[in-house]
>>> print(open('upload-v3.cif').read())   # mmCIF, C-alpha atoms
data_data
loop_
_atom_site.group_PDB
_atom_site.id
_atom_site.type_symbol
_atom_site.label_atom_id
_atom_site.label_comp_id
_atom_site.auth_asym_id
_atom_site.auth_seq_id
_atom_site.Cartn_x
_atom_site.Cartn_y
_atom_site.Cartn_z
ATOM 1 C CA MET A 397 -109.624 150.687 -140.464
ATOM 2 C CA GLU A 398 -112.770 151.930 -142.155
ATOM 3 C CA ILE A 399 -112.839 150.677 -145.742
ATOM 4 C CA ASP A 400 -115.405 152.184 -148.112
ATOM 5 C CA PRO A 401 -116.767 149.353 -150.350
ATOM 6 C CA LYS A 402 -117.411 151.785 -153.191
ATOM 7 C CA LYS A 403 -113.768 152.790 -153.214
ATOM 8 C CA LEU A 404 -112.813 149.106 -153.378
ATOM 9 C CA LEU A 405 -114.857 148.793 -156.568
ATOM 10 C CA TYR A 406 -113.030 151.833 -157.925
ATOM 11 C CA LEU A 407 -109.717 150.204 -156.989
ATOM 12 C CA ALA A 408 -110.594 147.015 -158.881
ATOM 13 C CA THR A 409 -111.478 148.984 -162.008
ATOM 14 C CA ILE A 410 -108.230 150.962 -161.884
ATOM 15 C CA ILE A 411 -106.133 147.818 -161.454
ATOM 16 C CA GLU A 412 -107.868 145.976 -164.274
ATOM 17 C CA HIS A 413 -107.445 148.889 -166.707
ATOM 18 C CA GLY A 414 -103.998 149.995 -165.523
ATOM 19 C CA SER A 415 -104.857 153.663 -165.711
ATOM 20 C CA LEU A 416 -106.734 156.242 -163.681
ATOM 21 C CA ASN A 417 -107.897 157.960 -166.882
ATOM 22 C CA ARG A 418 -109.343 154.811 -168.457
ATOM 23 C CA ALA A 419 -110.957 153.727 -165.199
ATOM 24 C CA ALA A 420 -112.480 157.198 -164.664
ATOM 25 C CA LYS A 421 -114.076 157.159 -168.119
ATOM 26 C CA LEU A 422 -115.525 153.702 -167.518
ATOM 27 C CA LEU A 423 -116.846 154.678 -164.090
ATOM 28 C CA GLY A 424 -118.298 157.963 -165.368
ATOM 29 C CA ILE A 425 -116.413 160.205 -162.963
ATOM 30 C CA SER A 426 -113.565 162.682 -163.375
ATOM 31 C CA GLN A 427 -109.950 161.588 -163.109
ATOM 32 C CA PRO A 428 -109.206 164.011 -160.239
ATOM 33 C CA ALA A 429 -112.210 162.703 -158.287
ATOM 34 C CA LEU A 430 -111.056 159.125 -158.781
ATOM 35 C CA SER A 431 -107.524 160.018 -157.734
ATOM 36 C CA THR A 432 -108.870 161.674 -154.580
ATOM 37 C CA SER A 433 -110.912 158.550 -153.790
ATOM 38 C CA MET A 434 -107.782 156.427 -153.990
ATOM 39 C CA ASP A 435 -105.896 158.854 -151.765
ATOM 40 C CA ARG A 436 -108.647 158.560 -149.161
ATOM 41 C CA LEU A 437 -108.725 154.754 -149.449
ATOM 42 C CA GLU A 438 -104.976 154.569 -148.873
ATOM 43 C CA ALA A 439 -105.306 156.937 -145.933
ATOM 44 C CA SER A 440 -108.089 154.827 -144.409
ATOM 45 C CA VAL A 441 -105.993 151.646 -144.478
ATOM 46 C CA GLY A 442 -102.702 153.391 -143.753
ATOM 47 C CA MET A 443 -100.926 151.722 -146.665
ATOM 48 C CA GLN A 444 -99.928 152.531 -150.224
ATOM 49 C CA LEU A 445 -102.028 150.487 -152.628
ATOM 50 C CA LEU A 446 -101.034 151.928 -156.010
ATOM 51 C CA GLU A 447 -97.799 153.165 -157.493
ATOM 52 C CA ARG A 448 -98.569 155.876 -160.042
ATOM 53 C CA GLY A 449 -96.251 156.682 -162.920
ATOM 54 C CA PRO A 450 -96.231 158.169 -166.414
ATOM 55 C CA ASN A 451 -97.133 154.790 -167.931
ATOM 56 C CA GLY A 452 -100.075 154.085 -165.631
ATOM 57 C CA VAL A 453 -100.494 152.459 -162.257
ATOM 58 C CA VAL A 454 -99.297 149.203 -160.722
ATOM 59 C CA THR A 455 -100.312 147.646 -157.434
ATOM 60 C CA THR A 456 -98.245 147.244 -154.326
ATOM 61 C CA LYS A 457 -98.345 143.964 -152.387
ATOM 62 C CA GLN A 458 -101.033 145.474 -150.170
ATOM 63 C CA GLY A 459 -102.970 146.580 -153.242
ATOM 64 C CA ASP A 460 -102.911 143.046 -154.638
ATOM 65 C CA ILE A 461 -104.361 141.703 -151.393
ATOM 66 C CA LEU A 462 -107.143 144.271 -151.297
ATOM 67 C CA TYR A 463 -107.907 143.720 -154.984
ATOM 68 C CA CYS A 464 -108.811 140.078 -154.281
ATOM 69 C CA TYR A 465 -111.477 141.196 -151.813
ATOM 70 C CA ALA A 466 -112.647 143.996 -154.113
ATOM 71 C CA ARG A 467 -113.341 141.426 -156.837
ATOM 72 C CA LEU A 468 -115.359 139.273 -154.427
ATOM 73 C CA ILE A 469 -117.481 142.269 -153.404
ATOM 74 C CA ARG A 470 -118.121 143.159 -157.029
ATOM 75 C CA GLU A 471 -119.068 139.584 -157.900
ATOM 76 C CA GLU A 472 -121.493 139.448 -154.964
ATOM 77 C CA ILE A 473 -123.166 142.638 -156.214
ATOM 78 C CA GLN A 474 -123.418 141.173 -159.706
ATOM 79 C CA LEU A 475 -124.995 137.990 -158.312
ATOM 80 C CA ALA A 476 -127.538 140.057 -156.383
ATOM 81 C CA GLU A 477 -128.363 142.115 -159.477
ATOM 82 C CA ARG A 478 -128.801 138.954 -161.540
ATOM 83 C CA ASP A 479 -131.136 137.318 -159.042
ATOM 84 C CA LEU A 480 -133.214 140.478 -158.620
ATOM 85 C CA ARG A 481 -133.424 140.928 -162.388
ATOM 86 C CA ASN A 482 -134.606 137.339 -162.819
ATOM 87 C CA ILE A 483 -137.401 137.952 -160.307
ATOM 88 C CA LEU A 484 -138.455 141.210 -161.990
ATOM 89 C CA GLU A 485 -138.478 139.547 -165.401
ATOM 90 C CA GLY A 486 -140.346 136.522 -164.081
ATOM 91 C CA GLN A 487 -137.581 134.131 -165.096
ATOM 92 C CA ALA A 488 -137.209 130.807 -163.355
ATOM 93 C CA GLU A 489 -134.071 130.700 -161.244
ATOM 94 C CA SER A 490 -131.289 128.585 -162.706
ATOM 95 C CA ILE A 491 -130.166 125.524 -160.807
ATOM 96 C CA ARG A 492 -126.447 125.995 -160.206
ATOM 97 C CA ILE A 493 -124.237 123.065 -159.250
ATOM 98 C CA GLY A 494 -120.493 122.495 -158.883
ATOM 99 C CA SER A 495 -118.626 119.256 -159.508
ATOM 100 C CA LEU A 496 -115.128 117.863 -159.216
ATOM 101 C CA PRO A 497 -113.528 117.399 -162.663
ATOM 102 C CA SER A 498 -113.057 113.666 -162.010
ATOM 103 C CA LEU A 499 -116.828 113.327 -161.554
ATOM 104 C CA ALA A 500 -117.709 115.617 -164.461
ATOM 105 C CA SER A 501 -116.233 113.282 -167.071
ATOM 106 C CA ARG A 502 -118.882 110.555 -166.707
ATOM 107 C CA ILE A 503 -121.108 110.513 -163.610
ATOM 108 C CA ILE A 504 -122.409 114.084 -163.882
ATOM 109 C CA PRO A 505 -123.236 113.893 -167.642
ATOM 110 C CA LEU A 506 -125.130 110.632 -167.191
ATOM 111 C CA ALA A 507 -126.989 112.028 -164.167
ATOM 112 C CA LEU A 508 -127.949 115.190 -166.050
ATOM 113 C CA SER A 509 -129.204 113.157 -168.998
ATOM 114 C CA ARG A 510 -131.446 111.107 -166.711
ATOM 115 C CA TRP A 511 -132.680 114.213 -164.872
ATOM 116 C CA ARG A 512 -133.496 115.960 -168.172
ATOM 117 C CA GLU A 513 -135.985 113.235 -168.981
ATOM 118 C CA THR A 514 -138.244 114.838 -166.357
ATOM 119 C CA TYR A 515 -137.048 118.460 -166.348
ATOM 120 C CA GLN A 516 -136.624 119.265 -170.024
ATOM 121 C CA ASP A 517 -137.107 123.033 -169.726
ATOM 122 C CA ALA A 518 -135.319 123.742 -166.440
ATOM 123 C CA ARG A 519 -132.412 126.182 -166.524
ATOM 124 C CA LEU A 520 -129.184 124.592 -165.345
ATOM 125 C CA GLN A 521 -125.603 125.759 -164.838
ATOM 126 C CA VAL A 522 -122.788 123.283 -164.138
ATOM 127 C CA VAL A 523 -119.243 124.277 -163.161
ATOM 128 C CA GLU A 524 -116.319 121.890 -162.673
ATOM 129 C CA ASN A 525 -113.450 123.051 -160.505
ATOM 130 C CA ALA A 526 -111.083 122.137 -157.693
ATOM 131 C CA GLN A 527 -112.961 121.455 -154.478
ATOM 132 C CA ILE A 528 -111.588 124.404 -152.519
ATOM 133 C CA ASP A 529 -112.972 126.726 -155.209
ATOM 134 C CA LEU A 530 -116.292 124.871 -155.282
ATOM 135 C CA LEU A 531 -116.803 125.083 -151.521
ATOM 136 C CA THR A 532 -115.794 128.732 -151.494
ATOM 137 C CA GLY A 533 -118.335 129.351 -154.246
ATOM 138 C CA LEU A 534 -120.962 127.430 -152.322
ATOM 139 C CA LEU A 535 -120.443 129.624 -149.260
ATOM 140 C CA ARG A 536 -120.700 132.682 -151.518
ATOM 141 C CA ARG A 537 -123.969 131.307 -152.966
ATOM 142 C CA ASP A 538 -122.543 130.794 -156.448
ATOM 143 C CA PHE A 539 -123.914 127.236 -156.287
ATOM 144 C CA ASP A 540 -127.007 125.589 -154.868
ATOM 145 C CA PHE A 541 -124.988 122.494 -154.045
ATOM 146 C CA VAL A 542 -121.644 120.877 -154.833
ATOM 147 C CA ILE A 543 -120.721 117.269 -155.570
ATOM 148 C CA GLY A 544 -117.294 116.483 -154.122
ATOM 149 C CA LEU A 545 -115.288 114.224 -151.860
ATOM 150 C CA THR A 546 -115.326 114.163 -148.088
ATOM 151 C CA GLU A 547 -111.912 113.120 -146.831
ATOM 152 C CA VAL A 548 -109.434 115.748 -148.019
ATOM 153 C CA PHE A 549 -111.005 119.059 -147.082
ATOM 154 C CA ASP A 550 -111.925 120.530 -143.721
ATOM 155 C CA MET A 551 -113.630 123.703 -144.953
ATOM 156 C CA LEU A 552 -117.072 122.888 -143.574
ATOM 157 C CA ASP A 553 -118.048 125.835 -141.377
ATOM 158 C CA GLY A 554 -121.514 126.826 -142.534
ATOM 159 C CA LEU A 555 -121.838 123.746 -144.747
ATOM 160 C CA ARG A 556 -123.468 120.337 -144.461
ATOM 161 C CA GLN A 557 -122.790 117.172 -146.426
ATOM 162 C CA ARG A 558 -124.524 113.891 -147.211
ATOM 163 C CA VAL A 559 -122.537 110.954 -148.580
ATOM 164 C CA LEU A 560 -123.992 109.593 -151.835
ATOM 165 C CA PHE A 561 -121.713 106.736 -152.886
ATOM 166 C CA ARG A 562 -118.134 105.497 -152.745
ATOM 167 C CA ASP A 563 -115.814 105.268 -155.717
ATOM 168 C CA THR A 564 -112.323 103.813 -156.072
ATOM 169 C CA LEU A 565 -109.226 105.446 -157.471
ATOM 170 C CA CYS A 566 -107.043 103.378 -159.757
ATOM 171 C CA VAL A 567 -103.474 103.823 -160.946
ATOM 172 C CA ILE A 568 -103.545 104.542 -164.671
ATOM 173 C CA ALA A 569 -100.701 104.260 -167.164
ATOM 174 C CA SER A 570 -100.121 104.114 -170.906
ATOM 175 C CA PRO A 571 -100.708 100.697 -172.528
ATOM 176 C CA ASN A 572 -96.970 100.519 -173.264
ATOM 177 C CA HIS A 573 -95.797 101.499 -169.793
ATOM 178 C CA PRO A 574 -92.815 99.495 -168.425
ATOM 179 C CA LEU A 575 -95.073 98.235 -165.612
ATOM 180 C CA GLN A 576 -97.519 96.726 -168.092
ATOM 181 C CA GLY A 577 -97.951 93.043 -167.239
ATOM 182 C CA VAL A 578 -96.286 93.340 -163.826
ATOM 183 C CA THR A 579 -98.359 91.737 -161.065
ATOM 184 C CA ASP A 580 -98.320 92.261 -157.285
ATOM 185 C CA LEU A 581 -97.241 95.861 -157.687
ATOM 186 C CA THR A 582 -95.983 97.736 -154.648
ATOM 187 C CA TRP A 583 -95.929 101.458 -153.970
ATOM 188 C CA GLU A 584 -92.132 101.349 -153.944
ATOM 189 C CA GLN A 585 -92.256 100.250 -157.595
ATOM 190 C CA LEU A 586 -94.795 102.912 -158.536
ATOM 191 C CA VAL A 587 -92.915 105.872 -157.030
ATOM 192 C CA ARG A 588 -89.928 105.243 -159.283
ATOM 193 C CA TYR A 589 -91.914 106.742 -162.153
ATOM 194 C CA PRO A 590 -93.082 110.344 -162.659
ATOM 195 C CA TRP A 591 -96.675 111.145 -161.650
ATOM 196 C CA ILE A 592 -99.427 113.530 -162.694
ATOM 197 C CA SER A 593 -101.605 114.703 -159.806
ATOM 198 C CA PRO A 594 -104.941 116.542 -159.956
ATOM 199 C CA THR A 595 -104.730 119.784 -158.028
ATOM 200 C CA SER A 596 -106.750 120.646 -154.961
ATOM 201 C CA ARG A 597 -105.665 124.321 -155.110
ATOM 202 C CA ARG A 598 -104.178 124.071 -151.634
ATOM 203 C CA THR A 599 -100.671 123.396 -150.428
ATOM 204 C CA HIS A 600 -101.310 119.682 -150.820
ATOM 205 C CA THR A 601 -102.760 117.715 -153.706
ATOM 206 C CA VAL A 602 -105.025 114.689 -153.794
ATOM 207 C CA LEU A 603 -101.939 112.532 -154.293
ATOM 208 C CA ASP A 604 -100.349 114.025 -151.155
ATOM 209 C CA ASN A 605 -103.384 113.039 -149.127
ATOM 210 C CA ILE A 606 -103.385 109.501 -150.513
ATOM 211 C CA VAL A 607 -99.730 108.830 -149.708
ATOM 212 C CA ARG A 608 -100.137 110.263 -146.208
ATOM 213 C CA THR A 609 -103.036 107.899 -145.641
ATOM 214 C CA MET A 610 -101.019 104.965 -147.014
ATOM 215 C CA LYS A 611 -97.987 106.085 -144.927
ATOM 216 C CA VAL A 612 -95.658 105.817 -147.906
ATOM 217 C CA GLU A 613 -93.274 108.176 -149.696
ATOM 218 C CA LEU A 614 -94.429 110.704 -152.280
ATOM 219 C CA PRO A 615 -93.068 110.099 -155.811
ATOM 220 C CA VAL A 616 -89.915 112.076 -156.517
ATOM 221 C CA GLN A 617 -91.331 113.739 -159.648
ATOM 222 C CA VAL A 618 -94.910 115.040 -159.504
ATOM 223 C CA THR A 619 -96.570 117.384 -162.011
ATOM 224 C CA VAL A 620 -99.770 119.020 -160.747
ATOM 225 C CA CYS A 621 -102.437 119.354 -163.421
ATOM 226 C CA GLY A 622 -105.869 120.985 -163.136
ATOM 227 C CA SER A 623 -107.402 119.368 -166.239
ATOM 228 C CA VAL A 624 -108.533 115.736 -166.294
ATOM 229 C CA SER A 625 -108.379 115.602 -170.100
ATOM 230 C CA LEU A 626 -104.792 116.902 -170.098
ATOM 231 C CA LEU A 627 -103.904 114.475 -167.308
ATOM 232 C CA LYS A 628 -105.210 111.555 -169.390
ATOM 233 C CA SER A 629 -103.296 112.721 -172.463
ATOM 234 C CA LEU A 630 -100.025 113.057 -170.548
ATOM 235 C CA VAL A 631 -100.416 109.571 -169.089
ATOM 236 C CA ALA A 632 -101.285 108.063 -172.491
ATOM 237 C CA GLU A 633 -98.255 109.613 -174.204
ATOM 238 C CA THR A 634 -95.580 109.270 -171.508
ATOM 239 C CA ASP A 635 -94.403 107.024 -168.664
ATOM 240 C CA HIS A 636 -96.260 109.152 -166.106
ATOM 241 C CA LEU A 637 -98.719 107.505 -163.705
ATOM 242 C CA ALA A 638 -101.838 109.053 -162.183
ATOM 243 C CA LEU A 639 -104.784 108.369 -159.908
ATOM 244 C CA LEU A 640 -108.324 108.705 -161.256
ATOM 245 C CA PRO A 641 -111.588 107.021 -160.303
ATOM 246 C CA ALA A 642 -112.285 103.864 -162.282
ATOM 247 C CA HIS A 643 -115.505 105.277 -163.751
ATOM 248 C CA ALA A 644 -113.614 108.279 -165.185
ATOM 249 C CA VAL A 645 -111.313 106.095 -167.295
ATOM 250 C CA ARG A 646 -113.620 103.181 -168.104
ATOM 251 C CA THR A 647 -113.956 104.106 -171.777
ATOM 252 C CA GLU A 648 -110.231 104.714 -172.313
ATOM 253 C CA VAL A 649 -109.334 101.443 -170.591
ATOM 254 C CA ALA A 650 -111.912 99.506 -172.638
ATOM 255 C CA GLU A 651 -110.511 101.023 -175.840
ATOM 256 C CA GLN A 652 -106.936 100.274 -174.655
ATOM 257 C CA ARG A 653 -105.940 103.940 -174.745
ATOM 258 C CA LEU A 654 -105.122 103.746 -171.031
ATOM 259 C CA LEU A 655 -104.171 100.913 -168.725
ATOM 260 C CA SER A 656 -105.401 100.358 -165.174
ATOM 261 C CA LEU A 657 -102.527 98.826 -163.220
ATOM 262 C CA PRO A 658 -103.231 95.980 -160.754
ATOM 263 C CA PHE A 659 -102.636 97.951 -157.565
ATOM 264 C CA GLU A 660 -105.140 98.141 -154.710
ATOM 265 C CA ASP A 661 -105.165 99.807 -151.313
ATOM 266 C CA PRO A 662 -108.033 100.767 -148.957
ATOM 267 C CA ALA A 663 -106.800 104.377 -149.100
ATOM 268 C CA LEU A 664 -107.827 104.527 -152.756
ATOM 269 C CA LYS A 665 -111.504 104.338 -151.839
ATOM 270 C CA ARG A 666 -113.203 107.715 -151.342
ATOM 271 C CA ASP A 667 -116.654 108.899 -150.314
ATOM 272 C CA ILE A 668 -118.511 111.227 -152.675
ATOM 273 C CA ALA A 669 -121.006 113.613 -151.070
ATOM 274 C CA VAL A 670 -123.356 116.460 -151.834
ATOM 275 C CA PHE A 671 -122.455 119.679 -150.002
ATOM 276 C CA PHE A 672 -124.984 122.421 -149.266
ATOM 277 C CA ARG A 673 -125.250 125.440 -146.989
ATOM 278 C CA GLU A 674 -126.670 125.170 -143.490
ATOM 279 C CA GLY A 675 -130.390 125.839 -143.529
ATOM 280 C CA TYR A 676 -130.674 125.461 -147.318
ATOM 281 C CA GLU A 677 -133.869 123.692 -148.416
ATOM 282 C CA MET A 678 -133.828 122.032 -151.833
ATOM 283 C CA ASP A 679 -136.933 122.071 -153.982
ATOM 284 C CA GLN A 680 -138.077 118.959 -155.852
ATOM 285 C CA PRO A 681 -136.035 119.510 -159.051
ATOM 286 C CA ARG A 682 -132.844 119.929 -157.026
ATOM 287 C CA ARG A 683 -133.587 116.910 -154.846
ATOM 288 C CA ASP A 684 -134.234 114.860 -157.972
ATOM 289 C CA LEU A 685 -130.952 116.008 -159.514
ATOM 290 C CA VAL A 686 -129.003 114.927 -156.421
ATOM 291 C CA SER A 687 -130.896 111.626 -156.530
ATOM 292 C CA CYS A 688 -129.854 111.096 -160.157
ATOM 293 C CA VAL A 689 -126.200 111.726 -159.259
ATOM 294 C CA GLU A 690 -126.509 109.215 -156.419
ATOM 295 C CA GLN A 691 -128.174 106.600 -158.635
ATOM 296 C CA ILE A 692 -125.589 106.895 -161.418
ATOM 297 C CA GLY A 693 -122.756 106.813 -158.890
ATOM 298 C CA LEU A 694 -124.098 103.640 -157.314
ATOM 299 C CA GLU A 695 -124.625 102.025 -160.707
ATOM 300 C CA LEU A 696 -121.093 102.795 -161.912
ATOM 301 C CA CYS A 697 -119.255 102.202 -158.656
ATOM 302 C CA HIS A 698 -121.371 99.426 -157.146
ATOM 303 C CA GLU A 699 -120.562 100.576 -153.649
ATOM 304 C CA LYS A 700 -123.090 102.099 -151.284
ATOM 305 C CA VAL A 701 -121.652 103.649 -148.142
ATOM 306 C CA SER A 702 -122.959 102.063 -144.946
ATOM 307 C CA GLU A 703 -125.018 104.411 -142.812
#
>>> encode(input="upload-v3.cif", output="structure tokens")
Amino acid sequence: MEIDPKKLLYLATIIEHGSLNRAAKLLGISQPALSTSMDRLEASVGMQLLERGPNGVVTTKQGDILYCYARLIREEIQLAERDLRNILEGQAESIRIGSLPSLASRIIPLALSRWRETYQDARLQVVENAQIDLLTGLLRRDFDFVIGLTEVFDMLDGLRQRVLFRDTLCVIASPNHPLQGVTDLTWEQLVRYPWISPTSRRTHTVLDNIVRTMKVELPVQVTVCGSVSLLKSLVAETDHLALLPAHAVRTEVAEQRLLSLPFEDPALKRDIAVFFREGYEMDQPRRDLVSCVEQIGLELCHEKVSE
């Protein structure tokens, strides 16, 4: 196969606008020329990518697959244009970091506040997302570094990590949960209730990994949720249980909006690390930002990982 990247960009535009005519106008080329380009792209891969009809175009399964890669190519070009434009305009490059949602609720804000005491005018972009998306973005150079956990993911080719601190997951419930006041809880008691699990965007979730480590059964009813704020709300208003780090729910527990159940297991401890690309050298502002994250993590979690 010989795939022309320019034709992939054309394909993405057609798919997003659902019409060869609309895409041609946006791209500044004629509709027949665009149609010919798609014919040649389909011929080069030996597959039909678009189904054309009187109401527009729709993708085939093969077209959907190729569209995902076309978007990545376009985003890489946009990143390159942005960085080159910043250099031409003499703008300082933004520091771009990624964080797990469970860390973004408390540790990251406190770390950024401390870092801003020194770097008041620095440009900063922070994105919270599932770790698989963060590491993919890191490899694609969307981020300078990512703050995440070490145990669940094996996507480390081309990446390095340094452990910063260790936090502990706790089982959270509503203050009126039936297990309120129960001591010496066992996992067998906990799995009788429905659970909310943060997503990892892979075939397994964080909860799946925890129960495999504990060698116990997965709860019968599990709802996967990508938002920490929604997860907290569901737990507070229902009989669902969930796992979140203690620092992420400290305020809600103190205000009695959530309850931390008395359940402990070594598998609930997790190492938090900074991930960066092989060969990447941080400048002083970036090193100081990582240091602030480490300091806040150690202060809130009180656990330094042994070297």
>>> atom_distance(input="upload-v3.cif", atom1="CA of Arg519 in chain A", atom2="CA of Pro681 in chain A")
10.7 Å
>>> residues_around(input="upload-v3.cif", residues="Tyr589 in chain A", least_positions_apart="3", cutoff="7 Å", atoms="all atoms listed in the file", output="PyMOL selection string")
chain A and resi 586+635-636
>>> write_last_selection(input="upload-v3.cif", atoms="C-alpha atoms", output="PDB file, in the coordinates of the input")
ATOM      1  CA  LEU A 586     -94.795 102.912-158.536  1.00  0.00           C
ATOM      2  CA  ASP A 635     -94.403 107.024-168.664  1.00  0.00           C
ATOM      3  CA  HIS A 636     -96.260 109.152-166.106  1.00  0.00           C
TER       4      HIS A 636
END
>>> residues_around(input="upload-v3.cif", residues="Thr514 in chain A", least_positions_apart="4", cutoff="12 Å", atoms="all atoms listed in the file", output="list of chain:residue names")
A:Ala507, A:Leu508, A:Ser509, A:Arg510, A:Ala518, A:Gln680, A:Pro681, A:Arg682, A:Asp684, A:Leu685, A:Cys688
>>> write_last_selection(input="upload-v3.cif", atoms="C-alpha atoms", output="mmCIF file, in the coordinates of the input")
data_model
loop_
_atom_site.group_PDB
_atom_site.id
_atom_site.type_symbol
_atom_site.label_atom_id
_atom_site.label_comp_id
_atom_site.auth_asym_id
_atom_site.auth_seq_id
_atom_site.Cartn_x
_atom_site.Cartn_y
_atom_site.Cartn_z
ATOM 1 C CA ALA A 507 -126.989 112.028 -164.167
ATOM 2 C CA LEU A 508 -127.949 115.190 -166.050
ATOM 3 C CA SER A 509 -129.204 113.157 -168.998
ATOM 4 C CA ARG A 510 -131.446 111.107 -166.711
ATOM 5 C CA ALA A 518 -135.319 123.742 -166.440
ATOM 6 C CA GLN A 680 -138.077 118.959 -155.852
ATOM 7 C CA PRO A 681 -136.035 119.510 -159.051
ATOM 8 C CA ARG A 682 -132.844 119.929 -157.026
ATOM 9 C CA ASP A 684 -134.234 114.860 -157.972
ATOM 10 C CA LEU A 685 -130.952 116.008 -159.514
ATOM 11 C CA CYS A 688 -129.854 111.096 -160.157
#
>>> axis_aligned_box(input="upload-v3.cif", around="range 626-635 of chain A", padding_each_side="3 Å", output="AutoDock Vina command-line options")
--center_x -99.8 --center_y 112.0 --center_z -170.8 --size_x 16.8 --size_y 15.9 --size_z 12.9
>>> resolve_selection(input="upload-v3.cif", expression="the PyMOL selection byres ((chain A and resi 451) around 12)", output="compact mmCIF listing (two decimals) with C-alpha atoms, in the coordinates of the input")
# COMPACT_ATOMS: atom_id res chain seq x y z
CA HIS A 413 -107.44 148.89 -166.71
CA GLY A 414 -104.00 150.00 -165.52
CA SER A 415 -104.86 153.66 -165.71
CA LEU A 416 -106.73 156.24 -163.68
CA ASN A 417 -107.90 157.96 -166.88
CA GLU A 447 -97.80 153.16 -157.49
CA ARG A 448 -98.57 155.88 -160.04
CA GLY A 449 -96.25 156.68 -162.92
CA PRO A 450 -96.23 158.17 -166.41
CA GLY A 452 -100.08 154.08 -165.63
CA VAL A 453 -100.49 152.46 -162.26
CA VAL A 454 -99.30 149.20 -160.72
>>> atom_distance(input="upload-v3.cif", atom1="CA of Gly577 in chain A", atom2="CA of Arg608 in chain A")
27.3 Å
